[in-house]
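J.: Input structure_23.csv, format and content: CSV, C-alpha atoms.
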chain,number,residue,atom,x,y,z
A,1,MET,CA,11.7,-22.5,-13.3
A,2,LYS,CA,8.5,-22.5,-15.2
A,3,VAL,CA,6.5,-22.5,-12.0
A,4,ILE,CA,8.4,-19.4,-10.8
A,5,ARG,CA,7.9,-17.6,-14.1
A,6,ARG,CA,4.2,-18.5,-14.1
A,7,ILE,CA,3.8,-17.2,-10.6
A,8,TRP,CA,5.7,-14.0,-11.4
A,9,GLN,CA,3.3,-13.3,-14.4
A,10,SER,CA,0.5,-12.7,-11.9
A,11,HIS,CA,-0.2,-9.0,-11.5
A,12,LEU,CA,-1.2,-9.8,-7.9
A,13,VAL,CA,2.2,-11.3,-7.1
A,14,ARG,CA,4.1,-8.5,-8.8
A,15,ASN,CA,2.0,-5.9,-7.1
A,16,ALA,CA,2.5,-7.5,-3.7
A,17,VAL,CA,6.3,-7.8,-4.2
A,18,PHE,CA,6.6,-4.2,-5.4
A,19,VAL,CA,4.6,-2.8,-2.5
A,20,GLY,CA,6.5,-4.9,0.0
A,21,TRP,CA,9.8,-3.7,-1.4
A,22,THR,CA,8.5,-0.1,-1.5
A,23,TYR,CA,7.5,-0.2,2.2
A,24,ALA,CA,10.9,-1.8,3.2
A,25,THR,CA,12.9,0.8,1.2
A,26,SER,CA,10.8,3.6,2.6
A,27,GLU,CA,11.6,2.5,6.1
A,28,PHE,CA,15.3,2.3,5.2
A,29,ALA,CA,15.1,5.8,3.7
A,30,GLN,CA,13.4,7.2,6.8
A,31,GLN,CA,16.0,5.6,9.1
A,32,THR,CA,18.8,7.0,6.9
A,33,ILE,CA,17.3,10.5,6.8
A,34,LEU,CA,16.8,10.6,10.6
A,35,GLY,CA,20.3,9.3,11.2
A,36,GLU,CA,19.1,6.3,13.1
A,37,ASN,CA,20.8,3.0,13.5
A,38,TYR,CA,19.4,0.7,11.0
A,39,ASP,CA,16.6,-1.5,12.4
A,40,VAL,CA,16.3,-4.4,10.1
A,41,THR,CA,13.3,-5.7,12.0
A,42,LYS,CA,11.3,-2.6,11.3
A,43,MET,CA,12.2,-2.8,7.6
A,44,GLN,CA,11.2,-6.5,7.6
A,45,ASN,CA,7.9,-5.7,9.3
A,46,SER,CA,7.2,-2.9,6.8
A,47,ALA,CA,7.9,-5.4,4.0
A,48,ILE,CA,5.5,-7.9,5.6
A,49,TRP,CA,2.8,-5.3,5.7
A,50,GLY,CA,3.3,-4.4,2.0
A,51,LEU,CA,3.8,-7.9,0.7
A,52,CYS,CA,1.1,-9.8,2.6
A,53,ILE,CA,-1.6,-7.2,3.4
A,54,TYR,CA,-1.5,-3.9,1.6
A,55,GLY,CA,-0.2,-5.0,-1.8
A,56,PRO,CA,-2.7,-7.8,-2.3
A,57,GLY,CA,-5.5,-5.8,-0.6
A,58,ASN,CA,-5.1,-2.8,-2.8
A,59,TYR,CA,-4.8,-5.0,-5.8
A,60,ILE,CA,-8.2,-6.6,-4.9
A,61,TRP,CA,-9.7,-3.2,-4.2
A,62,TYR,CA,-8.7,-1.7,-7.5
A,63,LYS,CA,-9.9,-4.9,-9.4
A,64,PHE,CA,-13.2,-4.3,-7.7
A,65,LEU,CA,-13.2,-0.6,-8.7
A,66,ASP,CA,-12.2,-1.5,-12.2
A,67,ARG,CA,-15.4,-3.6,-12.6
A,68,PHE,CA,-17.7,-0.8,-11.5
A,69,MET,CA,-15.7,2.2,-12.8
A,70,PRO,CA,-14.0,1.1,-16.0
A,71,GLY,CA,-11.6,3.4,-17.8
A,72,LYS,CA,-8.2,5.0,-17.3
A,73,SER,CA,-9.0,8.7,-17.9
A,74,LEU,CA,-7.9,11.3,-15.5
A,75,GLN,CA,-11.6,11.8,-14.3
A,76,VAL,CA,-12.0,8.1,-13.6
A,77,ALA,CA,-8.6,7.9,-11.9
A,78,LEU,CA,-9.6,10.8,-9.7
A,79,LYS,CA,-13.0,9.2,-8.8
A,80,LYS,CA,-11.2,5.9,-7.9
A,81,VAL,CA,-8.6,7.7,-5.7
A,82,VAL,CA,-11.2,9.8,-3.9
A,83,LEU,CA,-13.4,6.8,-3.3
A,84,GLU,CA,-10.4,4.9,-1.9
A,85,LYS,CA,-9.5,7.8,0.4
A,86,LEU,CA,-13.1,8.0,1.7
A,87,THR,CA,-13.6,4.3,2.2
A,88,VAL,CA,-10.7,1.9,2.6
A,89,SER,CA,-7.8,4.3,3.4
A,90,PRO,CA,-8.9,4.8,7.0
A,91,THR,CA,-8.8,1.0,7.4
A,92,TRP,CA,-5.3,0.8,5.7
A,93,CYS,CA,-4.0,3.6,8.0
A,94,ALA,CA,-5.2,2.0,11.2
A,95,GLY,CA,-4.3,-1.4,10.0
A,96,PHE,CA,-0.7,-0.4,9.3
A,97,TYR,CA,-0.1,0.7,12.8
A,98,ILE,CA,-2.0,-2.3,14.4
A,99,VAL,CA,-0.1,-4.8,12.3
A,100,GLN,CA,3.2,-3.1,13.1
A,101,SER,CA,2.3,-3.2,16.8
A,102,ILE,CA,1.5,-6.9,16.5
A,103,LEU,CA,4.7,-7.7,14.7
A,104,GLU,CA,6.6,-5.7,17.3
A,105,ARG,CA,4.8,-7.6,20.1
A,106,ARG,CA,3.6,-4.4,21.8
A,107,PRO,CA,1.3,-4.8,24.8
A,108,ASP,CA,-1.3,-2.3,23.5
A,109,ILE,CA,-1.7,-3.0,19.7
A,110,PHE,CA,-4.1,0.0,19.3
A,111,ALA,CA,-2.1,2.7,21.1
A,112,GLU,CA,0.0,3.8,18.1
A,113,ALA,CA,-3.0,3.6,15.7
A,114,LYS,CA,-5.0,5.9,18.1
A,115,GLN,CA,-2.2,8.4,18.2
A,116,LYS,CA,-1.1,8.4,14.5
A,117,MET,CA,-3.9,7.2,12.4
A,118,VAL,CA,-5.8,10.6,11.9
A,119,PRO,CA,-2.7,12.7,11.1
A,120,THR,CA,-1.4,9.9,8.8
A,121,TYR,CA,-4.8,9.8,7.0
A,122,PHE,CA,-5.0,13.5,6.3
A,123,VAL,CA,-1.4,13.8,5.2
A,124,GLY,CA,-2.0,10.8,3.0
A,125,CYS,CA,-5.0,12.4,1.4
A,126,ALA,CA,-3.1,15.7,0.8
A,127,PHE,CA,-0.3,13.8,-0.9
A,128,TRP,CA,-1.9,10.8,-2.6
A,129,ILE,CA,-5.0,12.3,-4.1
A,130,PRO,CA,-3.0,14.7,-6.3
A,131,ALA,CA,-0.1,12.1,-6.8
A,132,GLN,CA,-2.4,9.2,-7.8
A,133,SER,CA,-4.6,11.4,-10.0
A,134,THR,CA,-1.9,12.5,-12.4
A,135,VAL,CA,-2.0,11.7,-16.1
A,136,PRO,CA,0.8,9.1,-15.9
A,137,LEU,CA,-1.2,7.1,-13.2
A,138,ALA,CA,-4.4,7.4,-15.1
A,139,SER,CA,-2.8,6.0,-18.2
A,140,SER,CA,-0.5,3.3,-16.8
A,141,ALA,CA,-0.6,2.3,-13.2
A,142,PHE,CA,-4.0,0.7,-13.2
A,143,SER,CA,-2.6,-1.8,-15.8
A,144,TYR,CA,-1.2,-3.6,-12.7
A,145,THR,CA,-4.7,-4.7,-12.0
A,146,SER,CA,-5.4,-6.3,-15.4
A,147,ASP,CA,-5.0,-10.0,-14.9
Take the structure in the file and give it back as structure tokens.

T.:
Amino acid sequence: MKVIRRIWQSHLVRNAVFVGWTYATSEFAQQTILGENYDVTKMQNSAIWGLCIYGPGNYIWYKFLDRFMPGKSLQVALKKVVLEKLTVSPTWCAGFYIVQSILERRPDIFAEAKQKMVPTYFVGCAFWIPAQSTVPLASSAFSYTSD
């Protein structure tokens, strides 16, 4: 039990678990809203993306940014978010679709990324730049990177 408690104390692990859970529940919510039959494999694949790739990757990215842009003010948070959107976000967007295609064993793993990456990126920028730059984020969310 001590080992589990010690592992759970890691911000990296908690961030990865939270992001994996968020992706899985988002897929569940989408299927519910669209009235689709529940596809557990899609939920599982979304969880794998969040838990194994996006959660740890974003954790490492923000640890890197915290070293070069210390602070939690709204101005610093906005700079970090804009820098993320201009640098790593395109990779995350394309990566999501490519990983999902690999997990779904599609013959052309790049087809969905080519079709959806650009619209996803711009919608993500329109939503996440304001959402991640709010005062609550600036004051609290970056604490998940402070191991």

J.: Mind checking which residues fall within 9 Å of segment 14-18 of chain A, counting only C-alpha atoms, ignoring those fewer than 6 positions away in the same chain, and posting them as a list of chain:residue names?

T.: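 Surrounding residues, per the criterion: A:Ile7, A:Trp8, A:Ala47, A:Gly50, A:Leu51, A:Cys52, A:Ile53, A:Tyr54, A:Gly55, A:Pro56, A:Gly57, A:Asn58, A:Tyr59, A:Tyr144, A:Thr145.
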
J.: Can you pull out the residues contacting Cys93 of chain A? Cut-off 7 Å, using only C-alpha atoms, and skip same-chain residues under 2 positions away; I want them as a short mmCIF file (atom, residue, chain, number, x, y, z; two decimals) with C-alpha atoms, in the frame of the given file.

T.:
data_model
loop_
_atom_site.label_atom_id
_atom_site.label_comp_id
_atom_site.auth_asym_id
_atom_site.auth_seq_id
_atom_site.Cartn_x
_atom_site.Cartn_y
_atom_site.Cartn_z
CA SER A 89 -7.80 4.30 3.40
CA PRO A 90 -8.90 4.80 7.00
CA THR A 91 -8.80 1.00 7.40
CA GLY A 95 -4.30 -1.40 10.00
CA PHE A 96 -0.70 -0.40 9.30
CA TYR A 97 -0.10 0.70 12.80
CA MET A 117 -3.90 7.20 12.40
CA THR A 120 -1.40 9.90 8.80
CA TYR A 121 -4.80 9.80 7.00
#

J.: Find the residues around Val40 of chain A up to 9 Å (only C-alpha atoms counted), leave out those fewer than 4 positions away in its own chain, and share them as a count of residues only.

T.: 3

J.: Report the distance between atom CA of Asp39 of chain A and atom CA of Ala24 of chain A in Å, rounded to one decimal place.

T.: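 Atom-to-atom, atom CA of Asp39 of chain A to atom CA of Ala24 of chain A, that is 10.8 Å.
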
J.: One number please: atom CA of Thr87 of chain A to atom CA of Lys63 of chain A, in Å, one decimal.

T.: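 Separation of atom CA of Thr87 of chain A and atom CA of Lys63 of chain A: 15.3 Å.
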
J.: Go through A:Val118, A:Val3, A:Val13, A:Cys125 and flag the residue nearest Val82 of chain A, using all atoms listed in the file for the distances.

T.: A:Cys125

J.: Find the residue from A:Met69, A:Val99, A:Val88, A:Val81 that sits nearest to Phe127 of chain A; use only C-alpha atoms when measuring.

T.: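 Of A:Met69, A:Val99, A:Val88, A:Val81, the one nearest Phe127 of chain A is A:Val81, counting only C-alpha atoms.
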
J.: One decimal, Å: what's the distance from atom CA of Pro107 of chain A over to atom CA of Lys42 of chain A, could you say?

T.: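 Atom-to-atom, atom CA of Pro107 of chain A and atom CA of Lys42 of chain A are spaced 16.9 Å apart.
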
J.: Pick from A:Lys80, A:Ser133, A:Lys2, A:Glu104: nearest to Arg67 of chain A, with all atoms listed in the file counted?

T.: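 Once distances to Arg67 of chain A are computed over all atoms listed in the file, the minimum belongs to A:Lys80.
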
J.: Which residues, written as a ChimeraX atom specification, have at least one atom at most 8 Å from Glu27 of chain A, with all atoms listed in the file counted and residues fewer than 4 positions away on the same chain left out?

T.: /A:23,31,42-43,46

J.: Just checking: using all atoms listed in the file, which residue out of A:Trp49, A:Trp61, A:Leu34, A:Trp92 ends up closest to Thr22 of chain A?

T.: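 Of A:Trp49, A:Trp61, A:Leu34, A:Trp92, the one nearest Thr22 of chain A, counting all atoms listed in the file, is A:Trp49.
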
J.: Check the smallest atom-to-atom distance from each of A:Tyr62, A:Ile98, A:Ile4, A:Ile33 to Phe110 of chain A using only C-alpha atoms, then report the winner.

T.: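 Result for the nearest residue to Phe110 of chain A: A:Ile98.
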